[in-house]
Amino acid sequence: MTTKDLIDKVGLRPLSTFEHRDVNGVFVSDMLSDVMAGAKSGNLWLTVQTHKSIVPAANLVDVAAIVVTGGKDVPQETVDLASKYNIAILVSDLPTFELVGKLYALGSFAR
Amino acid sequence: MDNEVGHPDRPLARGEAGSKGAAVEIRRIKDALDAVIIEADDNLEGTVDHIYASDLMSDVLAFGKPNSILLTGLATRQAVISAHMAEFKGVVFIRGKTPKDGSDHFARDHHLVLLSTHLDMYDACLRIESVKRGETPAAQPAAVAGGEELLLSRELVINGNDFASAGMVSTEVKSVLKTIGLDPKLVRRVAISTYEGEMNVVMHAKRARVALSVTPHIIEVVIADEGKGIPDVNLAMQEGYTTATEEMRAMGFGSGMGLPNIKKNADELLINSEVGRGTTLVMRFKI
């Protein structure tokens with residue numbers, strides 16, 4: 001499953017410029033240290049955080065994409081920084097719980 | 001523009017370092033002085049024709065030549081503005097001083113380099129003189145013990161309370177390590193540990209110097225902050241223990257996992273903290 005597949009299948013809106021890559025799992029957290037400790041390289045990171053420091057966090061743990069849930073507005077400076085580091089920021093209008101349900105139902109990320 | 005009021009406990013230096021000769025790269029001056037970057041953008045690659053050492057800004061304006069770098073103990077915006085007026089390329093603050101009055105913004109807007117060295121004026125002048133004469137400056141003290149060959153060293157600065165730039169220093173550390181072809185998994189562990197250390201500085205300290213050194217066997221990251229210090233390190237090492245504010249926690253910082261995450265990722269973690277002065281973290285990773 002790639003970021004491109006996910007954009008089409010669960011209706012995510014890309015905001016930054018990035019290259020598509022493989023997604024190997026999903027990690028949900030709004031605490032940055034939690035992401036540092038638990039997210040794996042290549043994971044999709046679901047969060048409601050939108051401030052600029054999500055970009056270095058995503059870059060450092062090497063997630064496949066940041067997904068901002070609940071249709072939140074993402075500040076332009078966050079998007080610009082993400083584009084600079086080739087980090088995908090995708091927005092979903094669904095709340096986190098519902099998006100997780102849809103992602104799980106795809107079957108690729110079940111454990 | 002005059003700013004000649006001397007500090008009561010020390011006389012004003014009026015020395016002017018020898019300044020004739022060929023152009024010197026600013027980066028070489030930085031390396032020779034073992035200086036940390038306060039503000040540089042990409043102007044570090046430029047050169048200067050002269051060095052001017054003074055604490056008297058009216059002297060700078062009267063005698064400074066364009067395309068110089070200023071060495072001064074006057075850590076204020078006035079020094080930076082004077083350097084700009086005299087068409088200097090940048091300012092080096094001596095004895096570890098750093099201006100805390102928005103000088104860095106002024107410098108950025110006017111493309112000036114700002115550096116800070118722990119050396120005093122005399123030693124700083126000597127070191128630059130040896131660079132100008134084409135000599136190799138005295139070996140820099142490697143943070144890594146054991147006197148191993150230093151493959152790479154880098155100094156960076158983290159500013160406390162700068163949430164907008166939080167994570168940028170660790171991002172730089174990651175990029176630097178990636179370029180020398182280290183195992184990505186190892187680089188990731190270093191990056192995550194540095195990030196946690198950086199977040200602690202952003203949340204709790206005034207500022208910190210970060211020293212990254214790489215030898216054939218060890219990567220070492222030292223984060224030395226000026227801050228309030230940790231009263232009880234054992235307590236701080238406990239998962240979930242936090243002194244972050246609600247506001248920080250709302251941004252996703254301060255879940256009390258920082259130091260435990262570092263301990264998990266680093267092969268060795270040393271913490272030296274003094275309440276009211278600051279905390280130094282030494283993180284080591286085996287290659």
# chains A, B, ... in the order shown; residues from 1 in each chain; ligands from 1
>>> residues_around(residues="Val74 in chain A", least_positions_apart="4", cutoff="10 Å", atoms="only C-alpha atoms", output="VMD selection string")
chain A and resid 15 48 to 52 68 78 to 79 89 to 91
>>> write_last_selection(atoms="N, CA and C atoms", output="PDB file, in the first residue's frame")
ATOM      1  N   LEU A  15      -1.369  18.120   1.081  1.00  0.00           N
ATOM      2  CA  LEU A  15      -1.113  19.563   1.170  1.00  0.00           C
ATOM      3  C   LEU A  15       0.303  19.922   0.742  1.00  0.00           C
ATOM      4  N   VAL A  48      -3.730  15.134  15.516  1.00  0.00           N
ATOM      5  CA  VAL A  48      -4.487  16.386  15.381  1.00  0.00           C
ATOM      6  C   VAL A  48      -3.556  17.596  15.549  1.00  0.00           C
ATOM      7  N   GLN A  49      -2.257  17.329  15.788  1.00  0.00           N
ATOM      8  CA  GLN A  49      -1.303  18.438  15.905  1.00  0.00           C
ATOM      9  C   GLN A  49      -1.026  19.009  14.524  1.00  0.00           C
ATOM     10  N   THR A  50      -0.902  20.327  14.448  1.00  0.00           N
ATOM     11  CA  THR A  50      -0.652  20.941  13.136  1.00  0.00           C
ATOM     12  C   THR A  50       0.511  21.925  13.166  1.00  0.00           C
ATOM     13  N   HIS A  51       1.107  22.140  14.353  1.00  0.00           N
ATOM     14  CA  HIS A  51       2.174  23.145  14.392  1.00  0.00           C
ATOM     15  C   HIS A  51       3.444  22.592  13.752  1.00  0.00           C
ATOM     16  N   LYS A  52       4.338  23.533  13.478  1.00  0.00           N
ATOM     17  CA  LYS A  52       5.512  23.270  12.648  1.00  0.00           C
ATOM     18  C   LYS A  52       6.376  22.105  13.116  1.00  0.00           C
ATOM     19  N   VAL A  68      -3.289  14.559   9.150  1.00  0.00           N
ATOM     20  CA  VAL A  68      -3.977  15.423  10.099  1.00  0.00           C
ATOM     21  C   VAL A  68      -5.458  15.102  10.003  1.00  0.00           C
ATOM     22  N   THR A  78       3.742  25.208   8.272  1.00  0.00           N
ATOM     23  CA  THR A  78       3.927  23.765   8.479  1.00  0.00           C
ATOM     24  C   THR A  78       4.011  23.052   7.130  1.00  0.00           C
ATOM     25  N   VAL A  79       3.108  23.448   6.219  1.00  0.00           N
ATOM     26  CA  VAL A  79       3.076  22.824   4.886  1.00  0.00           C
ATOM     27  C   VAL A  79       4.376  23.118   4.134  1.00  0.00           C
ATOM     28  N   ILE A  89       2.136  15.710   3.972  1.00  0.00           N
ATOM     29  CA  ILE A  89       1.071  16.045   4.914  1.00  0.00           C
ATOM     30  C   ILE A  89      -0.252  15.833   4.184  1.00  0.00           C
ATOM     31  N   LEU A  90      -1.051  14.934   4.742  1.00  0.00           N
ATOM     32  CA  LEU A  90      -2.350  14.605   4.159  1.00  0.00           C
ATOM     33  C   LEU A  90      -3.423  14.961   5.174  1.00  0.00           C
ATOM     34  N   VAL A  91      -4.549  15.459   4.699  1.00  0.00           N
ATOM     35  CA  VAL A  91      -5.627  15.810   5.617  1.00  0.00           C
ATOM     36  C   VAL A  91      -6.828  14.906   5.387  1.00  0.00           C
TER      37      VAL A  91
END
>>> residues_around(residues="Lys40 in chain A", least_positions_apart="5", cutoff="12 Å", atoms="only C-alpha atoms", output="short mmCIF file (atom, residue, chain, number, x, y, z; two decimals) with N, CA and C atoms, in the first residue's frame")
data_model
loop_
_atom_site.label_atom_id
_atom_site.label_comp_id
_atom_site.auth_asym_id
_atom_site.auth_seq_id
_atom_site.Cartn_x
_atom_site.Cartn_y
_atom_site.Cartn_z
N VAL A 23 3.65 2.43 2.58
CA VAL A 23 3.20 2.58 3.96
C VAL A 23 3.11 1.18 4.56
N ASN A 24 3.74 0.99 5.71
CA ASN A 24 3.79 -0.36 6.28
C ASN A 24 3.01 -0.53 7.57
N GLY A 25 2.30 0.53 7.99
CA GLY A 25 1.53 0.43 9.23
C GLY A 25 1.00 1.80 9.62
N VAL A 26 0.26 1.83 10.73
CA VAL A 26 -0.36 3.09 11.15
C VAL A 26 -0.01 3.35 12.61
N PHE A 27 0.32 4.57 12.94
CA PHE A 27 0.60 4.94 14.33
C PHE A 27 -0.22 6.18 14.68
N VAL A 28 -0.92 6.11 15.81
CA VAL A 28 -1.79 7.22 16.20
C VAL A 28 -1.30 7.83 17.51
N ASP A 34 5.87 10.16 22.19
CA ASP A 34 5.23 8.88 21.90
C ASP A 34 5.54 8.46 20.46
N VAL A 35 5.49 9.42 19.56
CA VAL A 35 5.80 9.15 18.16
C VAL A 35 7.27 8.73 18.04
N TRP A 45 1.36 8.39 10.16
CA TRP A 45 1.20 8.98 11.50
C TRP A 45 -0.07 9.84 11.53
N ALA A 58 8.37 14.05 12.21
CA ALA A 58 8.08 13.07 11.15
C ALA A 58 9.34 12.71 10.39
N ASN A 59 10.16 13.71 10.16
CA ASN A 59 11.41 13.50 9.42
C ASN A 59 12.36 12.60 10.22
N LEU A 60 12.44 12.85 11.53
CA LEU A 60 13.38 12.10 12.36
C LEU A 60 13.00 10.64 12.50
N VAL A 61 11.70 10.36 12.67
CA VAL A 61 11.32 8.95 12.80
C VAL A 61 11.07 8.33 11.43
N ASP A 62 11.10 9.17 10.40
CA ASP A 62 10.98 8.70 9.02
C ASP A 62 9.61 8.05 8.75
N VAL A 63 8.54 8.72 9.19
CA VAL A 63 7.21 8.19 8.86
C VAL A 63 6.94 8.40 7.36
N ALA A 64 6.03 7.60 6.81
CA ALA A 64 5.72 7.70 5.38
C ALA A 64 4.89 8.95 5.10
N ALA A 65 4.04 9.35 6.06
CA ALA A 65 3.23 10.55 5.89
C ALA A 65 2.62 10.96 7.23
N LYS B 185 19.64 3.03 10.75
CA LYS B 185 19.01 2.70 12.04
C LYS B 185 19.74 3.37 13.19
N ARG B 188 18.98 7.04 13.10
CA ARG B 188 17.65 7.28 13.63
C ARG B 188 17.68 7.34 15.16
N ARG B 189 18.44 6.44 15.78
CA ARG B 189 18.54 6.45 17.25
C ARG B 189 19.19 7.73 17.75
N ILE B 192 16.62 10.64 17.23
CA ILE B 192 15.53 10.62 18.21
C ILE B 192 16.04 11.11 19.57
#
>>> residues_around(residues="Asp41 in chain B", least_positions_apart="5", cutoff="10 Å", atoms="only C-alpha atoms", output="list in words")
Ala107, Arg108, His111, Leu112, Val113 and Leu114 of chain B
>>> write_last_selection(atoms="N, CA and C atoms", output="compact mmCIF listing (two decimals), in the first residue's frame")
# COMPACT_ATOMS: atom_id res chain seq x y z
N ALA B 107 20.67 40.57 12.64
CA ALA B 107 21.76 39.99 11.85
C ALA B 107 21.21 39.24 10.64
N ARG B 108 20.14 38.50 10.86
CA ARG B 108 19.55 37.73 9.77
C ARG B 108 19.04 38.67 8.68
N HIS B 111 22.03 40.06 6.79
CA HIS B 111 23.00 39.08 6.27
C HIS B 111 24.34 39.13 6.98
N LEU B 112 24.30 39.28 8.29
CA LEU B 112 25.53 39.26 9.08
C LEU B 112 25.67 37.90 9.75
N VAL B 113 26.92 37.46 9.88
CA VAL B 113 27.19 36.22 10.61
C VAL B 113 27.40 36.59 12.08
N LEU B 114 26.79 35.85 12.99
CA LEU B 114 27.06 36.03 14.42
C LEU B 114 27.62 34.73 14.97
>>> select_by_dssp(residues="range 5-86 of chain A", states="strand (DSSP E or B)", output="count of residues only")
16
>>> interface_residues(of="chain B", to="chain A", cutoff="10 Å", atoms="only C-alpha atoms", output="PyMOL selection string")
chain B and resi 163-175+185+187-196+199+249-262+264-265
>>> residues_around(residues="Met203 in chain B", least_positions_apart="2", cutoff="6 Å", atoms="only C-alpha atoms", output="list in words")
Asn161, Asn200 and Val201 of chain B
>>> closest_residue(among="B:Asp123, B:Glu87, B:Asp34, B:Glu25", to="Glu155 in chain B", atoms="only C-alpha atoms")
B:Asp34
>>> atom_distance(atom1="CA of Ala53 in chain B", atom2="CA of Val36 in chain B")
18.2 Å
>>> residues_around(residues="Leu99 in chain A", least_positions_apart="6", cutoff="8 Å", atoms="only C-alpha atoms", output="number ranges by chain")
A: 10, 69, 92
>>> write_last_selection(atoms="C-alpha atoms", output="mmCIF file, in the first residue's frame")
data_model
loop_
_atom_site.group_PDB
_atom_site.id
_atom_site.type_symbol
_atom_site.label_atom_id
_atom_site.label_comp_id
_atom_site.auth_asym_id
_atom_site.auth_seq_id
_atom_site.Cartn_x
_atom_site.Cartn_y
_atom_site.Cartn_z
ATOM 1 C CA VAL A 10 -9.724 6.697 2.097
ATOM 2 C CA THR A 69 -7.422 14.231 11.111
ATOM 3 C CA SER A 92 -8.668 13.704 6.413
#
>>> closest_residue(among="B:Val282, B:Val210, B:Ile81, B:Ile271", to="Val60 in chain B", atoms="only C-alpha atoms")
B:Ile81
>>> decode(residues="range 38-105 of chain A", atoms="C-alpha atoms", output="mmCIF file, in the first residue's frame")
data_model
loop_
_atom_site.group_PDB
_atom_site.id
_atom_site.type_symbol
_atom_site.label_atom_id
_atom_site.label_comp_id
_atom_site.auth_asym_id
_atom_site.auth_seq_id
_atom_site.Cartn_x
_atom_site.Cartn_y
_atom_site.Cartn_z
ATOM 1 C CA GLY A 38 6.669 4.078 19.012
ATOM 2 C CA ALA A 39 6.283 5.064 15.355
ATOM 3 C CA LYS A 40 8.211 2.916 12.902
ATOM 4 C CA SER A 41 9.958 4.007 9.763
ATOM 5 C CA GLY A 42 7.360 3.902 6.973
ATOM 6 C CA ASN A 43 4.303 4.263 9.238
ATOM 7 C CA LEU A 44 1.374 6.543 8.561
ATOM 8 C CA TRP A 45 1.198 8.983 11.504
ATOM 9 C CA LEU A 46 -2.306 10.154 12.460
ATOM 10 C CA THR A 47 -2.477 13.265 14.633
ATOM 11 C CA VAL A 48 -4.487 16.386 15.381
ATOM 12 C CA GLN A 49 -1.303 18.438 15.905
ATOM 13 C CA THR A 50 -0.652 20.941 13.136
ATOM 14 C CA HIS A 51 2.174 23.145 14.392
ATOM 15 C CA LYS A 52 5.512 23.270 12.648
ATOM 16 C CA SER A 53 7.386 20.870 14.907
ATOM 17 C CA ILE A 54 5.422 17.866 13.611
ATOM 18 C CA VAL A 55 7.608 18.115 10.503
ATOM 19 C CA PRO A 56 11.011 17.554 12.158
ATOM 20 C CA ALA A 57 9.382 14.837 14.276
ATOM 21 C CA ALA A 58 8.080 13.068 11.155
ATOM 22 C CA ASN A 59 11.409 13.499 9.424
ATOM 23 C CA LEU A 60 13.382 12.102 12.364
ATOM 24 C CA VAL A 61 11.321 8.948 12.797
ATOM 25 C CA ASP A 62 10.976 8.695 9.020
ATOM 26 C CA VAL A 63 7.210 8.189 8.858
ATOM 27 C CA ALA A 64 5.718 7.703 5.378
ATOM 28 C CA ALA A 65 3.226 10.549 5.892
ATOM 29 C CA ILE A 66 1.567 12.752 8.483
ATOM 30 C CA VAL A 67 -2.218 12.526 8.388
ATOM 31 C CA VAL A 68 -3.977 15.423 10.099
ATOM 32 C CA THR A 69 -7.422 14.231 11.111
ATOM 33 C CA GLY A 70 -10.693 16.002 11.807
ATOM 34 C CA GLY A 71 -10.267 18.275 8.780
ATOM 35 C CA LYS A 72 -8.151 20.678 10.764
ATOM 36 C CA ASP A 73 -6.551 23.655 9.048
ATOM 37 C CA VAL A 74 -2.812 23.207 8.739
ATOM 38 C CA PRO A 75 -0.757 26.430 8.940
ATOM 39 C CA GLN A 76 1.013 27.318 5.704
ATOM 40 C CA GLU A 77 4.410 27.402 7.452
ATOM 41 C CA THR A 78 3.927 23.765 8.479
ATOM 42 C CA VAL A 79 3.076 22.824 4.886
ATOM 43 C CA ASP A 80 6.057 24.764 3.504
ATOM 44 C CA LEU A 81 8.471 23.143 5.930
ATOM 45 C CA ALA A 82 7.070 19.715 5.057
ATOM 46 C CA SER A 83 7.556 20.375 1.341
ATOM 47 C CA LYS A 84 11.132 21.445 2.024
ATOM 48 C CA TYR A 85 11.869 18.087 3.669
ATOM 49 C CA ASN A 86 9.810 16.026 1.242
ATOM 50 C CA ILE A 87 7.371 15.029 4.010
ATOM 51 C CA ALA A 88 3.801 14.194 3.034
ATOM 52 C CA ILE A 89 1.071 16.045 4.914
ATOM 53 C CA LEU A 90 -2.350 14.605 4.159
ATOM 54 C CA VAL A 91 -5.627 15.810 5.617
ATOM 55 C CA SER A 92 -8.668 13.704 6.413
ATOM 56 C CA ASP A 93 -12.043 15.232 7.204
ATOM 57 C CA LEU A 94 -12.855 12.193 9.352
ATOM 58 C CA PRO A 95 -12.158 12.179 13.084
ATOM 59 C CA THR A 96 -9.261 9.928 14.102
ATOM 60 C CA PHE A 97 -11.478 7.032 15.259
ATOM 61 C CA GLU A 98 -13.396 6.816 11.997
ATOM 62 C CA LEU A 99 -10.282 7.111 9.862
ATOM 63 C CA VAL A 100 -8.627 4.327 11.842
ATOM 64 C CA GLY A 101 -11.698 2.188 11.168
ATOM 65 C CA LYS A 102 -11.467 2.795 7.440
ATOM 66 C CA LEU A 103 -7.720 2.114 7.382
ATOM 67 C CA TYR A 104 -8.175 -1.097 9.358
ATOM 68 C CA ALA A 105 -10.925 -2.229 6.996
#
